[in-house]
Amino acid sequence: MKEKKTLKSDPKYPDNFWPKLITLLFAGAFIYWVMTSPNADATLYTYLIDPIQKRLGSF
C-alpha cells in the first residue's frame with residue numbers, strides 16, 4: 001500500500017506567494033498589451049477608466 005504524501009509549506013515562501021505572483025504577472029501583461037497596442041488610449045478607456053467611472057458615478 002502506498003503512503004499518501006502530504007504537501008508541506010515551504011518556509012521560504014509565504015502562503016499566498018503564488019496567487020500574488022500570478023496577479024502581478026497578469027497585471028504586467030495587461031499593461032504591456034495596452035501600451036503596445038496601436039489604439040492604446042481607446043483600449044485603456046474601454047477596459048479600465050470607463051468601468052471605474054461607471055462604478056463611482058459620472059464625473
# chains A, B, ... in the order shown; residues from 1 in each chain; ligands from 1
call {"tool": "select_by_dssp", "arguments": {"residues": "chain A", "states": "helix (DSSP H, G or I)", "output": "JSON, numbers by chain"}}
result
{"A": [17, 18, 19, 20, 21, 22, 23, 24, 25, 26, 27, 28, 29, 30, 31, 32, 33, 34, 35, 36, 40, 41, 42, 43, 44, 45, 46, 47, 48, 49, 50, 51, 52, 53, 54, 55, 56]}
call {"tool": "residues_around", "arguments": {"residues": "range 47-57 of chain A", "least_positions_apart": "4", "cutoff": "10 Å", "atoms": "only C-alpha atoms", "output": "PDB file with N, CA and C atoms, in the first residue's frame"}}
result
ATOM      1  N   VAL A  34      -1.684  46.869 -23.358  1.00  0.00           N
ATOM      2  CA  VAL A  34      -2.320  48.171 -23.579  1.00  0.00           C
ATOM      3  C   VAL A  34      -1.324  49.164 -24.153  1.00  0.00           C
ATOM      4  N   ALA A  42      -7.842  54.194 -26.532  1.00  0.00           N
ATOM      5  CA  ALA A  42      -9.211  53.662 -26.580  1.00  0.00           C
ATOM      6  C   ALA A  42      -9.338  52.395 -25.733  1.00  0.00           C
ATOM      7  N   THR A  43      -8.338  51.532 -25.791  1.00  0.00           N
ATOM      8  CA  THR A  43      -8.366  50.302 -25.008  1.00  0.00           C
ATOM      9  C   THR A  43      -8.322  50.603 -23.522  1.00  0.00           C
TER      10      THR A  43
END
call {"tool": "residues_around", "arguments": {"residues": "Phe30 in chain A", "least_positions_apart": "5", "cutoff": "12 Å", "atoms": "only C-alpha atoms", "output": "short mmCIF file (atom, residue, chain, number, x, y, z; two decimals) with C-alpha atoms, in the first residue's frame"}}
result
data_model
loop_
_atom_site.label_atom_id
_atom_site.label_comp_id
_atom_site.auth_asym_id
_atom_site.auth_seq_id
_atom_site.Cartn_x
_atom_site.Cartn_y
_atom_site.Cartn_z
CA THR A 23 -1.80 38.50 -10.21
CA LEU A 24 1.26 40.68 -10.74
CA LEU A 25 2.19 38.80 -13.92
CA MET A 35 0.83 50.22 -24.02
CA THR A 36 1.99 48.39 -27.17
CA SER A 37 -1.34 48.34 -28.97
CA ALA A 40 -3.84 52.21 -26.50
CA THR A 43 -8.37 50.30 -25.01
CA LEU A 44 -7.38 51.92 -21.74
CA TYR A 47 -11.29 48.32 -20.04
CA LEU A 48 -10.02 50.46 -17.17
#
call {"tool": "atom_distance", "arguments": {"atom1": "CA of Gly28 in chain A", "atom2": "CA of Lys12 in chain A"}}
result
24.2 Å
call {"tool": "decode", "arguments": {"residues": "chain A", "atoms": "C-alpha atoms", "output": "PDB file, in the first residue's frame"}}
result
ATOM      1  CA  MET A   1       0.000   0.000   0.000  1.00  0.00           C
ATOM      2  CA  LYS A   2       1.322   3.444  -0.912  1.00  0.00           C
ATOM      3  CA  GLU A   3       1.723   6.155   1.643  1.00  0.00           C
ATOM      4  CA  LYS A   4      -0.109   9.390   0.992  1.00  0.00           C
ATOM      5  CA  LYS A   5       2.253  12.285   0.521  1.00  0.00           C
ATOM      6  CA  THR A   6       1.271  15.441   2.303  1.00  0.00           C
ATOM      7  CA  LEU A   7       2.167  18.817   0.919  1.00  0.00           C
ATOM      8  CA  LYS A   8       4.378  20.782   3.204  1.00  0.00           C
ATOM      9  CA  SER A   9       4.574  24.530   3.165  1.00  0.00           C
ATOM     10  CA  ASP A  10       7.984  25.850   2.176  1.00  0.00           C
ATOM     11  CA  PRO A  11       9.209  28.233   4.882  1.00  0.00           C
ATOM     12  CA  LYS A  12      10.956  30.415   2.276  1.00  0.00           C
ATOM     13  CA  TYR A  13       7.678  31.429   0.652  1.00  0.00           C
ATOM     14  CA  PRO A  14       4.611  32.910   2.354  1.00  0.00           C
ATOM     15  CA  ASP A  15       1.336  31.038   1.971  1.00  0.00           C
ATOM     16  CA  ASN A  16      -0.099  33.488  -0.555  1.00  0.00           C
ATOM     17  CA  PHE A  17       3.076  33.827  -2.676  1.00  0.00           C
ATOM     18  CA  TRP A  18       1.846  32.174  -5.890  1.00  0.00           C
ATOM     19  CA  PRO A  19      -1.526  33.965  -6.134  1.00  0.00           C
ATOM     20  CA  LYS A  20       0.224  37.315  -5.663  1.00  0.00           C
ATOM     21  CA  LEU A  21       2.838  36.420  -8.260  1.00  0.00           C
ATOM     22  CA  ILE A  22       0.221  35.324 -10.808  1.00  0.00           C
ATOM     23  CA  THR A  23      -1.802  38.505 -10.206  1.00  0.00           C
ATOM     24  CA  LEU A  24       1.261  40.682 -10.740  1.00  0.00           C
ATOM     25  CA  LEU A  25       2.186  38.798 -13.916  1.00  0.00           C
ATOM     26  CA  PHE A  26      -1.307  39.256 -15.358  1.00  0.00           C
ATOM     27  CA  ALA A  27      -1.291  42.938 -14.439  1.00  0.00           C
ATOM     28  CA  GLY A  28       2.081  43.347 -16.140  1.00  0.00           C
ATOM     29  CA  ALA A  29       0.884  41.513 -19.242  1.00  0.00           C
ATOM     30  CA  PHE A  30      -2.220  43.723 -19.387  1.00  0.00           C
ATOM     31  CA  ILE A  31      -0.149  46.900 -19.071  1.00  0.00           C
ATOM     32  CA  TYR A  32       2.263  45.687 -21.763  1.00  0.00           C
ATOM     33  CA  TRP A  33      -0.645  44.795 -24.078  1.00  0.00           C
ATOM     34  CA  VAL A  34      -2.320  48.171 -23.579  1.00  0.00           C
ATOM     35  CA  MET A  35       0.832  50.219 -24.024  1.00  0.00           C
ATOM     36  CA  THR A  36       1.994  48.394 -27.170  1.00  0.00           C
ATOM     37  CA  SER A  37      -1.340  48.338 -28.973  1.00  0.00           C
ATOM     38  CA  PRO A  38      -1.894  50.893 -31.742  1.00  0.00           C
ATOM     39  CA  ASN A  39      -5.067  52.221 -30.100  1.00  0.00           C
ATOM     40  CA  ALA A  40      -3.838  52.212 -26.505  1.00  0.00           C
ATOM     41  CA  ASP A  41      -5.912  55.205 -25.418  1.00  0.00           C
ATOM     42  CA  ALA A  42      -9.211  53.662 -26.580  1.00  0.00           C
ATOM     43  CA  THR A  43      -8.366  50.302 -25.008  1.00  0.00           C
ATOM     44  CA  LEU A  44      -7.384  51.919 -21.738  1.00  0.00           C
ATOM     45  CA  TYR A  45     -10.649  53.843 -21.571  1.00  0.00           C
ATOM     46  CA  THR A  46     -12.712  50.804 -22.547  1.00  0.00           C
ATOM     47  CA  TYR A  47     -11.287  48.324 -20.038  1.00  0.00           C
ATOM     48  CA  LEU A  48     -10.023  50.458 -17.175  1.00  0.00           C
ATOM     49  CA  ILE A  49     -11.293  54.015 -16.937  1.00  0.00           C
ATOM     50  CA  ASP A  50     -14.917  53.632 -18.098  1.00  0.00           C
ATOM     51  CA  PRO A  51     -15.773  50.782 -15.665  1.00  0.00           C
ATOM     52  CA  ILE A  52     -14.274  52.755 -12.775  1.00  0.00           C
ATOM     53  CA  GLN A  53     -16.222  55.879 -13.751  1.00  0.00           C
ATOM     54  CA  LYS A  54     -19.450  53.866 -14.057  1.00  0.00           C
ATOM     55  CA  ARG A  55     -18.958  52.378 -10.614  1.00  0.00           C
ATOM     56  CA  LEU A  56     -18.100  55.679  -8.946  1.00  0.00           C
ATOM     57  CA  GLY A  57     -20.636  57.701 -10.877  1.00  0.00           C
ATOM     58  CA  SER A  58     -20.172  60.150 -13.707  1.00  0.00           C
ATOM     59  CA  PHE A  59     -17.578  62.866 -13.383  1.00  0.00           C
TER      60      PHE A  59
END
